[in-house]
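Working notes, beginning with the structure itself.
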Amino acid sequence: MLLWMYLLISGVVVLVDIGNACDYELDRCGAWADGDVQIGILSTFYSKVETQYYRMKPENYNCSGFSLISFVRMLAVIHTIETINKSSFLPGVRLGYYICDTCSDASKAIQSTEHMLSENGTLSVQCEVIQKPKIKAIIGPRYSELSLSVARLLAIYMVPQISTSSSAESLSDRQRFPAFLRTVPSDIHQTKALAKLMSHFDWDWMGVVHGDDDYGKDAFHTFIGEAEGENVCIAFESTLPHNLHFNDIDMKIQEVADVIQNSRANIILLILKEELVTKLFTEMRSRNISRTWIASDSWSLSRDIAKIEGINQIGDILGFSFITGPNPGFEEYLQDLTVPPGTENKFIEEYQQMGYSKDYLTEAVYINLAYGDRLAVWSIAHALKKLLDCNETACPGEVDFPPWKLLHELKNVKFTLDGQTFYFTTSGNYINGYDLINWVQNNSSRQRDFVVVGNYNLEQRQINLKKPIEWSNPKNEKPISVCSDDCLPGAAKKLSKISCCYNCTLCLEGTYSNDTNLQNCFPCEDGTWSLKGWTACKPKNEVFWEWDKSQAIILLVFIMIGFLLLFINLIVYCLHRQSPVIKQAGGRIYILIMAGLALSYTSVILFIGKPTVPICMARQVLYALGFTLTVSCILVKALRTFLAFLPQYRQHNFKKFYKPPAIIFCGTFIQVIICIFWLIFDSPAVETVESHQSMDIIFQCKEGSGIGFAIMLGYIALLALICFALAFQGRKVPHRFNETGHIILSMLIYLFVWVCFAPIYATKIPERYSIQAAAILVSTYSIIFCHFTPKWYMALCKKKEEVTMEAYMAQACSVRSSVDSGLSVFSRLGSLSSKTGLTTSPSQSTMSSTDTSDCQIESPVYIWNVENSSHNQPFTRKRSHRRSI
C-alpha cells in the first residue's frame with residue numbers, strides 16, 4: 001500500500017516537473033502520419049516569430065505570417081511519401097512523417113528538432129506529445145541559418161539531415177556538419193553563377209543587399225571573391241536584419257532604399273528572404289525607382305513577390321533558382337487537398353480555413369520549385385531500399401535501425417529520376433546546376449511570369465541561354481551598369497583605385513587600339529605610324545610638291561606666264577631691235593637679261609617633284625647664276641646712267657671702269673666661284689622632316705649649313721644695292737629715255753622680298769621653300785614689268801617721231817640741273833657718235849631758235865650698243881660755238 005502511495009506521489013511530482021518544464025504550447029508540431037520508418041520534416045510555414053525583447057524564462061513562440069511556398073514544399077514531401085507508399089518500391093514498408101514548424105527562427109528550429117529526437121529515444125522526453133514517432137531522418141529546414149543550428153545538434157547523434165534549399169557554403173564542412181546533406185548545390189556555385197551572369201551581360205558595377213544571417217554573410221563574401229575574378233566591382237553593400245520582427249525593420253528598409261537611389265549602379269543583387277524583398281520592392285515602387293534586380297535562389301521563384309502591386313514598375317528581374325522539375329500528380333493533389341484518414345495535419349486545416357479556392361495554390365505558387373523536396377524523399381527511399389535489403393516482394397531488413405546507418409547509405413546513394421542521375425558528393429551536395437529565370441511582365445494580370453531562359457552548368461561554369469531575355473525597357477535593350485563608359489577604339493583604360501572604374505586615355509602617337517575597353521594600346525609596326533587616338537597604324541605620307549597638286553599647278557601657271565612674257569619680249573626685241581627704244585634699253589644686254597630670267601624661271605620648276613640631291617643643287621645654282629646675270633646687266637645700265645650724270649671733269653676718273661662685257665662677266669663669274677665652293681664644301685642635300693604629331697614625311701632640300709646659301713643671296717643683294725645706289729644718283733636724267741626709276745623700283749622690290757624671306761628661312765619652317773619660290777617669281781616679274789613692259793609701250797604704242805633722236809634731244813635740252821654750280825644737264829651729256837656709229841647732221845642737231853638756240857648736242861648719251869662698248873672713250877662732248885657751258 002505504501003509502495004503504491006509512493007509511486008503515485010512520485011508520478012505527481014514528475015508531472016509537476018514536466019508542467020514546469022513545458023509551460024508553453026507546442027502546437028506547431030502539427031502534422032504526422034504513422035509508418036514503419038518515420039521521416040521528420042522541419043518546415044517554415046510561418047515567416048516570423050514574436051517574443052519578448054528581454055526574456056527571463058521560457059516563453060511560447062508566437063508565430064505568424066503563413067508562407068504558401070513553405071506550405072507547398074511540405075505538401076510535396078507528403079505527396080511523394082504517399083506516392084512511394086502506394087507503389088511497390090519498398091514492399092512491406094510504409095513511410096511515415098512528423099512535421100514541425102521553425103517559424104523562421106533558429107531557436108524554434110532547435111526546439112522542434114529536440115522534439116523529434118526525443119520521440120526517437122535519443123533525448124529524454126521533457127514534454128508530452130500526442131504521438132511518439134521514431135524519426136530516422138529529417139528533411140529541412142528551408143533557410144541556411146536554421147539549417148546551421150539544426151545541423152550542429154544532429155551532428156551529435158548522426159541523424160541524417162537533408163535540406164532542399166539551404167545553400168550556405170559552410171554547411172559543406174564535413175567535420176562540423178557530418179550528418180548534413182542537401183539536394184541543391186552549395187552557394188559557392190550560386191555565387192560563381194551570379195558573377196558569370198554579371199560578366200555575360202558586361203555589368204561590372206553593382207550593388208548588393210544581403211541579410212545579416214549566416215547565409216547572407218557567407219553568400220556575400222563568397223560572391224566578392226568570384227566577382228573580382230570576373231572584373232565585377234561592388235558599388236555598395238547594405239545589410240538587412242534577417243528577423244522580420246526586428247523593431248526598426250521599416251527604417252532599415254528605407255535606409256537601404258536611400259543607398260540604392262543615390263547609387264549609379266543599375267544592377268542590384270538581393271541575397272534576402274522573400275519577405276524582406278517584398279518590403280524593399282514596396283518601398284522602391286513608392287519612390288518610383290527602377291533598377292535591374294538579381295534574385296538569389298531564396299526568392300527567385302516567389303509568386304508572392306511576382307504579384308506585388310506595381311511589380312512591373314520596378315524594372316527587370318533575373319535570378320537563379322535550383323533546378324526545377326515535374327512532380328507527376330502533384331497539381332491534382334493540391335487541387336483536391338484533404339487530410340487522409342489516420343493522419344493529422346493542422347497546417348492543411350489552417351489553410352482550408354482561409355477560404356481559398358481549389359486552384360489557388362497552383363496559381364499562387366510555382367509548384368515546380370518543390371522539385372528538390374521530391375528528390376530528398378526519393379533519396380531516403382533509395383537508401384532505405386539498400387539498407388533494408390529490399391527485393392521485389394519484401395524488405396527483410398530491420399526497420400528499427402539507428403539513424404547513422406541510414407546516413408551511411410545516403411552518402412553512397414545514386415539513382416536516376418526523370419532521365420537525370422542524382423547523387424551526393426563527398427561534401428554532401430547535389431551537382432545539378434541552376435536555372436536562369438526571367439521575370440517576364442504580364443500586362444494582362446499586372447504581375448510577373450517565370451520563364452526559364454537558360455541555365456548555369458556547374459562543371460563547365462558557363463551561362464547557357466536557351467531563349468532571348470525580354471527586357472522591360474521600350475526598346476528591349478540590355479540594361480547598362482558600368483562604373484565608367486566603354487573605352488572606344490583609339491583609347492585604352494587607365495584604371496583608378498577601383499578596378500572597374502577607369503578613365504579612357506587616347507592612345508599616344510605611335511600606338512593604337514582597335515577594340516573596345518582594351519587595357520593597353522599596341523605599338524605600331526615598323527614603317528607605320530599613328531596619331532593620337534587612332535585605331536590603326538598607317539605608312540606615313542611622303543610630302544613634297546607633287547605635279548598634280550594645287551600648289552604645283554599654281555606655281556606652274558605663274559612660271560608659264562613668265563616664260564610667255566619673255567617670249568613676247570623676245571618678239572618685240574626682234575621686231576624693234578633697231579629702234580632707239582630697244583637700243584636705249586641695252587641692245588644685246590636686253591637678250592642677256594631675258595636669259596637670266598629664263599634660268600630663274602627654270603630654277604622654280606625644280607621646286608616641284610620629289611627632291612633629289614642633283615635637283616637640290618641645280619635649283620639654287622640656276623637661280624643664283626640666272627639672277628646674278630640679270631642684276632649684272634642692270635648694273636651696267638645703272639652705271640651708264642650714273643656716269644652720264646657726272647660732270648665731264650669727273651667722268652674721266654670713272655669712264656675707264658665702264659666696260660659692260662667685263663662687268664657682266666665678272667659679276668656673274670664671282671657668283672660661279674661662290675656656287676662652286678658652296679657645292680664642294682657645304683653642298684645642298686635632301687632632308688626628311690618627321691614629327692610625332694604628323695603623318696607626313698616632308699622631303700625637302702637642305703642648303704648645307706646655310707652659310708653658302710647666305711653668301712650666294714648676299715652677293716646678289718650686294719649687286720642690287722649697287723644698282724639701286726647708282727640709279728638713285730642718276731634719277732634726274734630726262735625721263736623720256738631714263739630707266740633710273742625702273743631700276744630703283746625693281747631693286748627695291750627685290751631687296752624687300754628677300755629681306756622678308758631671310759627671317760622666314762632662318763626659322764626653318766617647312767613653308768620656307770614655297771616662300772623662296774614665290775620670292776623668285778616676284779623678283780623676276782618685277783624685272784619684266786619694270787624693265788620690259790615700258791619698252792613695249794614705247795615701241796608699240798608711241799608714234800615713230802616721238803622716239804627719234806630729235807625728240808629725245810628736244811626733251812633733254814629742256815631740262816636743267818642745279819647740281820655742279822649751275823652746270824646745265826647738257827654739260828653732263830656727251831656725244832657717243834664715235835662709239836655708237838650714230839651721227840646727227842647739222843640739220844638734225846640744230847634746234848629751232850625758239851627751243852634750242854642755246855643748245856647743240858651731237859647725240860644722246862643713253863643710246864648704247866654693246867658691240868661698240870669697248871671704245872676707250874665712251875663719253876665725248878662738243879660745246880656750242882654760240883654758248884659756252
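Labels used: A, B, ... for chains in the order of the C-alpha cells, numbers from 1 for residues in each chain, and numbers from 1 for ligands as shown.
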Checklist entry - Residues of range 396-552 of chain A in strand (DSSP E) according to DSSP, as a PyMOL selection string? => result chain A and resi 414-417+420-423+434-442+447-457+462-465+491-495+502-506+511-512+522-523+541-543
Produce a file of the selected residues containing N, CA and C atoms, as a short mmCIF file (atom, residue, chain, number, x, y, z; two decimals), in the first residue's frame.
data_model
loop_
_atom_site.label_atom_id
_atom_site.label_comp_id
_atom_site.auth_asym_id
_atom_site.auth_seq_id
_atom_site.Cartn_x
_atom_site.Cartn_y
_atom_site.Cartn_z
N LYS A 414 22.84 6.56 -55.31
CA LYS A 414 22.92 7.09 -56.67
C LYS A 414 21.74 6.51 -57.44
N PHE A 415 20.91 7.41 -57.95
CA PHE A 415 19.70 6.94 -58.62
C PHE A 415 19.37 7.87 -59.79
N THR A 416 18.45 7.39 -60.62
CA THR A 416 18.04 8.14 -61.80
C THR A 416 16.57 8.49 -61.67
N LEU A 417 16.25 9.74 -61.96
CA LEU A 417 14.88 10.22 -61.89
C LEU A 417 14.67 11.24 -63.01
N GLN A 420 17.61 11.95 -65.28
CA GLN A 420 18.83 12.54 -64.73
C GLN A 420 19.33 11.68 -63.58
N THR A 421 20.63 11.70 -63.41
CA THR A 421 21.25 10.94 -62.33
C THR A 421 21.56 11.87 -61.17
N PHE A 422 21.22 11.41 -59.96
CA PHE A 422 21.42 12.23 -58.77
C PHE A 422 22.24 11.45 -57.75
N TYR A 423 23.07 12.16 -57.07
CA TYR A 423 23.89 11.57 -56.00
C TYR A 423 24.47 12.70 -55.18
N TYR A 434 21.83 25.29 -61.97
CA TYR A 434 20.79 26.28 -61.69
C TYR A 434 20.05 26.61 -62.98
N ASP A 435 18.80 26.97 -62.82
CA ASP A 435 18.02 27.53 -63.92
C ASP A 435 18.08 29.05 -63.84
N LEU A 436 18.21 29.69 -65.02
CA LEU A 436 18.17 31.15 -65.09
C LEU A 436 16.74 31.57 -65.38
N ILE A 437 16.16 32.31 -64.45
CA ILE A 437 14.75 32.69 -64.52
C ILE A 437 14.63 34.15 -64.92
N ASN A 438 13.79 34.40 -65.91
CA ASN A 438 13.47 35.76 -66.31
C ASN A 438 12.04 36.07 -65.89
N TRP A 439 11.90 37.14 -65.10
CA TRP A 439 10.57 37.56 -64.66
C TRP A 439 9.96 38.43 -65.75
N VAL A 440 9.12 37.82 -66.57
CA VAL A 440 8.54 38.50 -67.73
C VAL A 440 7.27 39.21 -67.29
N GLN A 441 7.11 40.45 -67.77
CA GLN A 441 5.93 41.22 -67.43
C GLN A 441 4.69 40.63 -68.10
N ASN A 442 3.65 40.51 -67.31
CA ASN A 442 2.36 40.05 -67.80
C ASN A 442 1.40 41.22 -67.66
N GLN A 447 1.31 41.28 -63.31
CA GLN A 447 2.23 40.55 -62.46
C GLN A 447 3.35 40.02 -63.34
N ARG A 448 4.24 39.24 -62.75
CA ARG A 448 5.36 38.68 -63.49
C ARG A 448 5.19 37.17 -63.63
N ASP A 449 5.58 36.68 -64.81
CA ASP A 449 5.60 35.24 -65.06
C ASP A 449 7.04 34.76 -65.07
N PHE A 450 7.25 33.53 -64.61
CA PHE A 450 8.59 32.96 -64.57
C PHE A 450 8.86 32.19 -65.86
N VAL A 451 9.93 32.57 -66.51
CA VAL A 451 10.32 31.90 -67.75
C VAL A 451 11.77 31.47 -67.61
N VAL A 452 12.01 30.16 -67.80
CA VAL A 452 13.37 29.64 -67.75
C VAL A 452 14.03 29.96 -69.10
N VAL A 453 15.02 30.85 -69.07
CA VAL A 453 15.67 31.28 -70.32
C VAL A 453 17.06 30.66 -70.49
N GLY A 454 17.53 29.94 -69.50
CA GLY A 454 18.85 29.34 -69.62
C GLY A 454 19.22 28.62 -68.34
N ASN A 455 20.48 28.26 -68.23
CA ASN A 455 20.94 27.57 -67.04
C ASN A 455 22.42 27.85 -66.82
N TYR A 456 22.87 27.44 -65.67
CA TYR A 456 24.30 27.51 -65.34
C TYR A 456 24.80 26.11 -65.10
N ASN A 457 25.78 25.72 -65.91
CA ASN A 457 26.37 24.39 -65.80
C ASN A 457 27.53 24.44 -64.81
N GLN A 462 29.56 27.81 -67.08
CA GLN A 462 29.13 28.69 -68.16
C GLN A 462 27.65 28.98 -68.06
N ILE A 463 27.28 30.18 -68.52
CA ILE A 463 25.88 30.55 -68.67
C ILE A 463 25.43 30.12 -70.06
N ASN A 464 24.37 29.35 -70.12
CA ASN A 464 23.83 28.89 -71.40
C ASN A 464 22.43 29.47 -71.56
N LEU A 465 22.28 30.37 -72.54
CA LEU A 465 20.98 30.97 -72.81
C LEU A 465 20.24 30.15 -73.85
N ALA A 491 41.45 54.31 -77.80
CA ALA A 491 41.75 54.67 -76.42
C ALA A 491 41.97 53.41 -75.61
N ALA A 492 42.50 53.57 -74.41
CA ALA A 492 42.74 52.44 -73.51
C ALA A 492 42.34 52.84 -72.11
N LYS A 493 42.13 51.83 -71.28
CA LYS A 493 41.71 52.08 -69.90
C LYS A 493 42.88 52.55 -69.04
N LYS A 494 42.61 53.57 -68.27
CA LYS A 494 43.55 54.00 -67.25
C LYS A 494 42.84 53.79 -65.92
N LEU A 495 43.20 52.70 -65.24
CA LEU A 495 42.45 52.28 -64.07
C LEU A 495 42.61 53.27 -62.93
N TYR A 502 37.59 53.55 -64.41
CA TYR A 502 38.77 53.94 -65.17
C TYR A 502 38.46 55.17 -65.99
N ASN A 503 39.52 55.79 -66.45
CA ASN A 503 39.40 56.88 -67.41
C ASN A 503 39.86 56.36 -68.77
N CYS A 504 39.25 56.86 -69.81
CA CYS A 504 39.66 56.47 -71.16
C CYS A 504 40.73 57.44 -71.64
N THR A 505 41.91 56.91 -71.88
CA THR A 505 43.05 57.71 -72.32
C THR A 505 43.33 57.42 -73.79
N LEU A 506 43.38 58.47 -74.59
CA LEU A 506 43.66 58.28 -76.01
C LEU A 506 45.05 57.69 -76.20
N THR A 511 51.06 54.53 -81.27
CA THR A 511 50.32 53.40 -80.69
C THR A 511 48.87 53.46 -81.15
N TYR A 512 48.16 52.35 -80.98
CA TYR A 512 46.77 52.29 -81.42
C TYR A 512 46.03 51.24 -80.61
N PHE A 522 48.55 49.24 -78.50
CA PHE A 522 49.58 48.45 -79.15
C PHE A 522 50.54 49.36 -79.91
N PRO A 523 51.83 49.04 -79.89
CA PRO A 523 52.78 49.87 -80.67
C PRO A 523 52.65 49.59 -82.15
N ASN A 541 52.85 59.58 -95.03
CA ASN A 541 52.73 60.16 -96.36
C ASN A 541 54.01 60.92 -96.72
N GLU A 542 54.48 60.71 -97.94
CA GLU A 542 55.62 61.48 -98.43
C GLU A 542 55.10 62.80 -98.98
N VAL A 543 55.55 63.88 -98.38
CA VAL A 543 55.03 65.19 -98.71
C VAL A 543 56.08 65.98 -99.48
#
Next on the checklist: Show me, as an MDAnalysis selection string, the residues that have an atom within 8 Å of range 559-561 of chain A when counting only C-alpha atoms, minus same-chain residues fewer than 6 positions from it.
Outcome noted: chainID A and resid 601 604:605 777
Selection export as a CSV table (one decimal), in the first residue's frame, atoms kept: all heavy atoms:
chain,number,residue,atom,x,y,z
A,601,TYR,N,63.4,81.3,-113.9
A,601,TYR,CA,62.1,80.5,-114.0
A,601,TYR,C,62.3,79.0,-114.0
A,601,TYR,O,61.6,78.3,-113.4
A,601,TYR,CB,61.3,81.0,-115.3
A,601,TYR,CG,60.6,82.3,-115.1
A,601,TYR,CD1,60.9,83.3,-116.0
A,601,TYR,CD2,59.7,82.5,-114.1
A,601,TYR,CE1,60.2,84.5,-115.9
A,601,TYR,CE2,59.0,83.7,-114.0
A,601,TYR,CZ,59.3,84.7,-114.8
A,601,TYR,OH,58.6,85.9,-114.7
A,604,VAL,N,62.7,77.6,-110.6
A,604,VAL,CA,61.5,77.4,-109.9
A,604,VAL,C,60.8,76.1,-110.2
A,604,VAL,O,60.1,75.5,-109.4
A,604,VAL,CB,60.5,78.6,-110.1
A,604,VAL,CG1,59.2,78.5,-109.4
A,604,VAL,CG2,61.2,79.9,-109.7
A,605,ILE,N,60.9,75.7,-111.5
A,605,ILE,CA,60.3,74.4,-111.9
A,605,ILE,C,60.9,73.3,-111.1
A,605,ILE,O,60.2,72.3,-110.7
A,605,ILE,CB,60.6,74.2,-113.4
A,605,ILE,CG1,59.9,75.2,-114.3
A,605,ILE,CG2,60.1,72.8,-113.8
A,605,ILE,CD1,60.1,75.1,-115.7
A,777,LEU,N,59.8,84.3,-108.1
A,777,LEU,CA,58.8,84.7,-109.1
A,777,LEU,C,58.5,86.2,-109.0
A,777,LEU,O,58.5,86.9,-110.0
A,777,LEU,CB,57.5,83.9,-108.9
A,777,LEU,CG,57.5,82.4,-109.3
A,777,LEU,CD1,56.2,81.8,-109.0
A,777,LEU,CD2,57.8,82.3,-110.8
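Using only C-alpha atoms, the smallest distance between any of A:Asp316, A:Asp34, A:Glu767, A:Asp548 and Pro340 in chain A comes from A:Asp34.
The gap separating CA of Tyr371 in chain A from CA of Lys136 in chain A is 21.8 Å, in Å to one decimal.
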Item to check | Spatial neighbours of Tyr157 in chain A, 12 Å, only C-alpha atoms, chain gap at least 4 places, as an MDAnalysis selection string | outcome: chainID A and resid 113:114 117:118 120:123 136:137 150:153 161 177:180 402:405 407
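Ranking A:Ile783, A:Ile267, A:Leu639, A:Met617 by their shortest atom-to-atom distance to Gly315 in chain A, with only C-alpha atoms included, puts A:Ile267 first.
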Checklist outcome for this item: Pairwise distance, CA of Val377 in chain A with CA of Asn429 in chain A, equals 15.2 Å
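Shell of Leu276 in chain A at 8 Å, with only C-alpha atoms counted and residues fewer than 3 places along the chain excluded, is Leu240, His242, Leu244, Leu272, Lys273, Lys279 and Leu280 of chain A.
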